[in-house]
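Peer 1: Here you go, one structure.
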Amino acid sequence: MQQYFVDVILPIPLEKQFTYRIAEEEYHSLQPGMRIAVPFGKSKVYTALAFRVHRTPPQLYEAKEIHKILDETPLVTNKQMELWFWMASYYMCTVGEVFRAALPGGLLLESETIVLRNDDFKGGEEELKDDEWLIFEALQHQPILKVNEIAAILDKKNTLPVLKRLLEKGIVKVKEKIQERYKPKLLRFVQIASRYADEASLRELLDEMSRAPKQREVLLSLFSLSATTRKPVKLKTLQESSGASAAVIKSLLDKEILEDYYLQTDRVKYSGGSTEPSVTLNEYQDKALKEIRDQFEEKDVSLLYGVTSSGKTEVYVKLIEEVIARGQQVLYLLPEIALTSQLIGRLQRYFGDKVSVYHSKYSNNERIEVWYHLLDRSSRAQIVLGARSAVFLPFSDLGLIVVDEEHESSFKQYDPAPRYHGRDMAIVLGKMYGAKVLLGSATPSVESSYNAKTGKYGLVGLSRRYGNVLLPEMELVDIKERTRKKRMKAHFSDRMIEEIEEVLSEGEQLILFQNRRGYAPVMECEECGHTPQCPNCDVSLTYHRNRKQLRCHYCGYAMALPKSCVACGSHSLNVKGLGTEQVEEELRTLFPHARIGRMDSDTTRGKYGYEKIISAFEQHEIDILVGTQMITKGLDFRKVSLVGIMNADSLLNYPDFRAFERSFQLIIQVAGRAGRTEKRGKVLIQTYNPYHQILQQASMNKYKDMLNDQLNERKQFAYPPFFRLIRISIRHRNYQIAEEAANWFAGSVRNSFVSGEWKKDYILGPESPAIGRIRNQYIKDITIKIPRDQSLKTVKGVLWRIKNSFSAISTYRSVRLIFDVDCY
């Protein structure tokens with residue numbers, strides 16, 4: 001008898017696909033990209049993705065049957081799966097991990113364990129223990145219980161031992177209940193019953209209703225709404241306009257005078273009116289646009305290097321107009337969710353409901369709707385504005401990808417796998433769809449600038465601010481000298497206070513940048529020097545004054561603020577360092593009449609957290625905005641005339657080969673928020689080292705000097721863009737095992753590579769990173785520098801073989817091994 005099979009991708013980190021048995025009719029209807037519920041292991045049920053249907057049984061195991069097919073048409077396109085396999089190969093992870101990252105959680109089935117009463121049980125109640133009897137009694141009244149309900153009955157989290165005993169005694173049975181988590185949003189509408197459609201029947205009905213004035217009022221409200229809006233009437237709208245209770249409308253539905261029906265609607269909709277006419281470009285923007293078009297004739301990727309406030313967004317809008325006029329789709333990538341709230345409004349003013357938004361602050365259901373719009377090729381998702389995860393969406397005819405603020409490190413996914421870079425994936429995606437890719441930044445990354453310099457990318461410059469506004473005046477303030485001369489108030493120099501007073505007196509706004517949230521990064525005992533540490537990570541706990549807590553920003557551990565030192569009992573506790581909370585508090589003391597807002601990840605937790613703060617600042621409800629690096633990125637505030645950087649040295653002193661590049665970018669980007677109208681803005685940079693080369697270059701906006709210096713250093717010390725990097729992280733709860741495993745792996749790598757053209761200093765480590773333990777896992781890193789003329793595929797092949805040998809050693813099976821390709 002002929003058998004039929006399907007190979008599936010499971011959303012778990014397994015390196016191969018598994019084969020399941022299907023019926024003949026399923027074989028003919030099942031297509032790659034459709035979801036299937038499949039059993040895996042003893043009791044787990046997973047949402048798998050059909051990859052290939054065939055008639056060849058697996059050789060090493062007997063194929064299980066699938067539970068059910070979940071889709072009528074493919075949910076994932078062939079191009080998406082092609083991208084997934086490329087990502088798994090390039091970033092050294094599994095396709096299952098890419099699958100889990102790509103799909104919104106609501107499209108993965110929820111498998112829930114339920115406990116059922118076993119009606120065949122004939123034993124006596126006297127044999128049961130107290131906790132067993134509680135469950136037995138509950139099942140007499142309710143034949144099915146969920147595991148969380150059992151936990152509530154027993155008032156304990158671990159219910160497994162009790163369930164195991166009940167199963168062994170045959171009192172209960174256990175099964176997996178599968179349920180779809182995505183539910184379309186349905187709106188309830190009402191209309192007059194069809195039998196009252198003609199005028200005579202309607203008049204007769206209204207005459208009958210003269211004794212029921214409330215019901216008659218509902219009908220008259222319905223006629224009025226239908227006549228004025230000429231749209232279907234929502235039940236909720238009818239209730240509000242008529243002032244009737246739900247009971248009155250229910251009685252009309254029960255009498256079949258009214259009929260109700262449901263229509264599916266989007267959770268996120270464009271609520272604006274008509275769209276605005278197209279933007280008009282100035283001569284510099286128009287020149288840049290023509291140059292981009294010319295570059296796209298020869299090259300697939302172009303870099304737009306435009307100074308802050310030069311009007312890059314308007315150039316993007318013109319390009320988007322051209323692409324959607326051809327009926328193609330556009331992907332607009334942004335590094336931070338904070339940027340989307342301003343940009344959504346700007347793009348919707350030009351393109352209306354053609355703009356869809358996709359990022360992690362939106363709910364699962366809202367993201368799923370965007371997914372389905374793209375699958376259906378709906379006009380409501382012709383332009384997708386999103387964070388890095390938007391590269392996974394099911395595009396069909398992608399014409400343009402815009403990567404705004406392409407230099408941002410937020411485009412890099414660090415954990416979990418796949419550890420991809422959004423900008424690099426945009427370029428791969430563009431190549432796959434034949435789309436053009438435009439990278440934009442006022443401070444391009446060293447890699448992108450090098451690619452443009454060597455002719456790999458096109459290069460277009462936009463060197464003037466919109467409206468010929470001058471770049472802000474930048475001043476370095478030496479706080480070392482001012483501290484010595486006692487010209488500091490708290491963390492504010494006399495120069496900073498003087499400028500803030502002037503800005504506030506003129507009714508303008510200012511931004512203060514401090515790249516640390518919380519009140520202070522360290523709390524220290526003045527008697528013994530003890531600093532409270534996180535029990536799970538090798539970091540000191542950050543003091544959060546608002547919550548009266550010490551918190552770890554790596555694992556989330558928190559403890560109440562101690563009243564005395566836990567080491568010596570002294571009450572002399574003091575804080576060291578500076579966070580955004582402390583800046584805010586000091587400002588309230590120095591400028592009691594100023595309205596102060598704070599924007600960091602503590603104040604923007606909700607879905608609309610960013611939007612509320614940005615909107616309040618735009619509407620001048622806030623005079624001074626204090627924030628971390630999320631305020632540096634592309635935001636456009638018209639009345640900001642001063643930007644202050646509280647401590648530039650904290651940016652420079654970081655153990656990373658990119659520290660100087662990122663410091664320069666942050667300073668220029670935050671400075672770019674100042675003076676975006678006619679009046680020239682001012683930037684004050686407080687530092688203990690005003691003669692530092694990077695600070696000097698940033699204060700004079702010498703991007704080319706910074707770029708040349710960085711390229712020379714990276715060439716000398718074998719770093720990107722001249723070399724590729726792969727970092728191998730080895731993690732384990734036991735320090736000794738982590739160290740032994742790291743030494744074994746590093747030794748194997750050296751034995752495989754150090755020969756001929758490979759040098760010893762191309763393989764670094766193993767060594768502990770700056771934070772050597774996170775979430776009770778000790779970390780050891782090995783970094784491999786790969787010359788550009790060396791085959792990356794060959795190196796990865798060797799690393800996979802070493803990994804397989806490593807995993808075969810029983811002592812190292814519990815060691816977590818992480819590959820991070822292009823770890824920057």
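Lettering and numbering for the structure tokens are positional, with chains as A, B, ... in the shown order, residues counted from 1 in each chain, and ligands counted from 1 in the shown order.
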Got a sec: who's within 8 Å of Phe18 of chain A, counting only C-alpha atoms, leaving out chain neighbours fewer than 5 positions off, as JSON, numbers by chain?
Peer 2: {"A": [7, 8, 9, 10]}
Peer 1: Please provide the set of residues having any atom within 8 Å of segment 69-80 of chain A, restricted to only C-alpha atoms, with same-chain residues fewer than 5 positions apart removed, written as an MDAnalysis selection string.
Peer 2: chainID A and resid 30:37 375 392:394 432
Peer 1: From a DSSP calculation on the backbone, collect every residue of segment 510-619 of chain A in helix (DSSP H, G or I) and output the set as a PyMOL selection string.
Peer 2: chain A and resi 580-590+609-618
Peer 1: I need the residues of segment 359-435 of chain A that end up classed as strand (DSSP E) by DSSP on the backbone, written out as a PyMOL selection string.
Peer 2: chain A and resi 383-386+398-404
Peer 1: Write the selection just made, keeping N, CA and C atoms, as a PDB file, in the first residue's frame?
Peer 2:
```
ATOM      1  N   ILE A 383       3.077  49.805   2.127  1.00  0.00           N
ATOM      2  CA  ILE A 383       4.279  50.347   2.777  1.00  0.00           C
ATOM      3  C   ILE A 383       4.315  49.775   4.188  1.00  0.00           C
ATOM      4  N   VAL A 384       5.378  49.067   4.527  1.00  0.00           N
ATOM      5  CA  VAL A 384       5.515  48.498   5.873  1.00  0.00           C
ATOM      6  C   VAL A 384       6.612  49.249   6.604  1.00  0.00           C
ATOM      7  N   LEU A 385       6.240  49.830   7.736  1.00  0.00           N
ATOM      8  CA  LEU A 385       7.177  50.560   8.583  1.00  0.00           C
ATOM      9  C   LEU A 385       7.463  49.675   9.792  1.00  0.00           C
ATOM     10  N   GLY A 386       8.715  49.285   9.987  1.00  0.00           N
ATOM     11  CA  GLY A 386       8.958  48.344  11.071  1.00  0.00           C
ATOM     12  C   GLY A 386      10.375  48.333  11.591  1.00  0.00           C
ATOM     13  N   LEU A 398       8.433  43.213  -3.689  1.00  0.00           N
ATOM     14  CA  LEU A 398       9.159  44.269  -2.980  1.00  0.00           C
ATOM     15  C   LEU A 398       9.970  45.084  -3.978  1.00  0.00           C
ATOM     16  N   GLY A 399       9.763  46.412  -3.963  1.00  0.00           N
ATOM     17  CA  GLY A 399      10.467  47.267  -4.917  1.00  0.00           C
ATOM     18  C   GLY A 399      11.558  48.118  -4.304  1.00  0.00           C
ATOM     19  N   LEU A 400      11.409  48.462  -3.001  1.00  0.00           N
ATOM     20  CA  LEU A 400      12.371  49.353  -2.347  1.00  0.00           C
ATOM     21  C   LEU A 400      12.454  49.023  -0.861  1.00  0.00           C
ATOM     22  N   ILE A 401      13.684  49.028  -0.340  1.00  0.00           N
ATOM     23  CA  ILE A 401      13.899  48.907   1.108  1.00  0.00           C
ATOM     24  C   ILE A 401      14.695  50.130   1.551  1.00  0.00           C
ATOM     25  N   VAL A 402      14.136  50.863   2.505  1.00  0.00           N
ATOM     26  CA  VAL A 402      14.831  52.013   3.090  1.00  0.00           C
ATOM     27  C   VAL A 402      15.290  51.600   4.489  1.00  0.00           C
ATOM     28  N   VAL A 403      16.582  51.714   4.757  1.00  0.00           N
ATOM     29  CA  VAL A 403      17.110  51.434   6.102  1.00  0.00           C
ATOM     30  C   VAL A 403      17.573  52.768   6.672  1.00  0.00           C
ATOM     31  N   ASP A 404      16.709  53.361   7.522  1.00  0.00           N
ATOM     32  CA  ASP A 404      17.020  54.673   8.097  1.00  0.00           C
ATOM     33  C   ASP A 404      17.899  54.496   9.329  1.00  0.00           C
TER      34      ASP A 404
END
```
Peer 1: For Tyr46 of chain A, find every residue with an atom within 8 Å (counting only C-alpha atoms), except residues of its own chain fewer than 2 positions away, and show them as an mmCIF file with all heavy atoms, in the first residue's frame.
Peer 2:
```cif
data_model
loop_
_atom_site.group_PDB
_atom_site.id
_atom_site.type_symbol
_atom_site.label_atom_id
_atom_site.label_comp_id
_atom_site.auth_asym_id
_atom_site.auth_seq_id
_atom_site.Cartn_x
_atom_site.Cartn_y
_atom_site.Cartn_z
ATOM 1 N N LEU A 10 10.211 22.293 12.502
ATOM 2 C CA LEU A 10 9.685 22.483 13.854
ATOM 3 C C LEU A 10 10.306 23.744 14.481
ATOM 4 O O LEU A 10 11.481 24.024 14.230
ATOM 5 C CB LEU A 10 10.015 21.268 14.724
ATOM 6 C CG LEU A 10 9.220 19.993 14.410
ATOM 7 C CD1 LEU A 10 9.938 18.779 14.950
ATOM 8 C CD2 LEU A 10 7.820 20.074 14.995
ATOM 9 N N PRO A 11 9.549 24.477 15.294
ATOM 10 C CA PRO A 11 10.084 25.736 15.865
ATOM 11 C C PRO A 11 10.991 25.499 17.083
ATOM 12 O O PRO A 11 10.862 26.138 18.116
ATOM 13 C CB PRO A 11 8.809 26.490 16.257
ATOM 14 C CG PRO A 11 7.833 25.409 16.583
ATOM 15 C CD PRO A 11 8.142 24.261 15.676
ATOM 16 N N ALA A 37 -0.288 20.845 12.844
ATOM 17 C CA ALA A 37 -0.090 20.483 14.253
ATOM 18 C C ALA A 37 0.442 19.057 14.285
ATOM 19 O O ALA A 37 -0.181 18.137 13.737
ATOM 20 C CB ALA A 37 -1.409 20.565 15.014
ATOM 21 N N VAL A 38 1.613 18.873 14.900
ATOM 22 C CA VAL A 38 2.252 17.543 14.905
ATOM 23 C C VAL A 38 2.662 17.166 16.329
ATOM 24 O O VAL A 38 3.028 18.032 17.126
ATOM 25 C CB VAL A 38 3.505 17.501 13.985
ATOM 26 C CG1 VAL A 38 3.131 17.780 12.546
ATOM 27 C CG2 VAL A 38 4.589 18.461 14.450
ATOM 28 N N PRO A 39 2.617 15.848 16.645
ATOM 29 C CA PRO A 39 3.131 15.398 17.943
ATOM 30 C C PRO A 39 4.654 15.317 17.893
ATOM 31 O O PRO A 39 5.230 14.975 16.861
ATOM 32 C CB PRO A 39 2.506 14.009 18.097
ATOM 33 C CG PRO A 39 2.336 13.514 16.687
ATOM 34 C CD PRO A 39 2.077 14.732 15.842
ATOM 35 N N PHE A 40 5.288 15.624 19.010
ATOM 36 C CA PHE A 40 6.745 15.491 19.069
ATOM 37 C C PHE A 40 7.128 15.121 20.493
ATOM 38 O O PHE A 40 6.697 15.770 21.442
ATOM 39 C CB PHE A 40 7.430 16.802 18.659
ATOM 40 C CG PHE A 40 8.920 16.654 18.480
ATOM 41 C CD1 PHE A 40 9.440 16.088 17.333
ATOM 42 C CD2 PHE A 40 9.793 17.061 19.481
ATOM 43 C CE1 PHE A 40 10.807 15.947 17.166
ATOM 44 C CE2 PHE A 40 11.158 16.931 19.325
ATOM 45 C CZ PHE A 40 11.673 16.367 18.171
ATOM 46 N N LYS A 44 4.251 16.447 23.696
ATOM 47 C CA LYS A 44 4.264 17.802 23.148
ATOM 48 C C LYS A 44 3.566 17.850 21.790
ATOM 49 O O LYS A 44 3.647 16.916 20.988
ATOM 50 C CB LYS A 44 5.701 18.297 22.980
ATOM 51 C CG LYS A 44 6.384 18.611 24.302
ATOM 52 C CD LYS A 44 6.037 20.001 24.771
ATOM 53 C CE LYS A 44 6.834 20.380 25.997
ATOM 54 N NZ LYS A 44 6.439 21.686 26.506
ATOM 55 N N ALA A 48 4.123 22.981 13.279
ATOM 56 C CA ALA A 48 5.221 22.785 12.325
ATOM 57 C C ALA A 48 4.834 23.412 10.995
ATOM 58 O O ALA A 48 3.672 23.749 10.764
ATOM 59 C CB ALA A 48 5.499 21.292 12.154
ATOM 60 N N LEU A 108 1.624 30.529 16.163
ATOM 61 C CA LEU A 108 2.089 29.238 16.662
ATOM 62 C C LEU A 108 1.023 28.719 17.623
ATOM 63 O O LEU A 108 0.625 29.410 18.550
ATOM 64 C CB LEU A 108 3.427 29.388 17.384
ATOM 65 C CG LEU A 108 4.585 29.863 16.503
ATOM 66 C CD1 LEU A 108 5.788 30.205 17.357
ATOM 67 C CD2 LEU A 108 4.958 28.803 15.484
ATOM 68 N N LEU A 109 0.565 27.504 17.387
ATOM 69 C CA LEU A 109 -0.511 26.953 18.201
ATOM 70 C C LEU A 109 -0.121 26.868 19.659
ATOM 71 O O LEU A 109 1.034 26.641 19.989
ATOM 72 C CB LEU A 109 -0.845 25.529 17.727
ATOM 73 C CG LEU A 109 -1.800 25.401 16.564
ATOM 74 C CD1 LEU A 109 -2.056 23.952 16.297
ATOM 75 C CD2 LEU A 109 -3.104 26.081 16.867
ATOM 76 N N SER A 111 -0.420 24.610 22.836
ATOM 77 C CA SER A 111 -0.741 23.252 23.249
ATOM 78 C C SER A 111 -0.902 23.259 24.766
ATOM 79 O O SER A 111 0.015 23.608 25.486
ATOM 80 C CB SER A 111 0.397 22.314 22.841
ATOM 81 O OG SER A 111 0.224 21.065 23.440
#
```
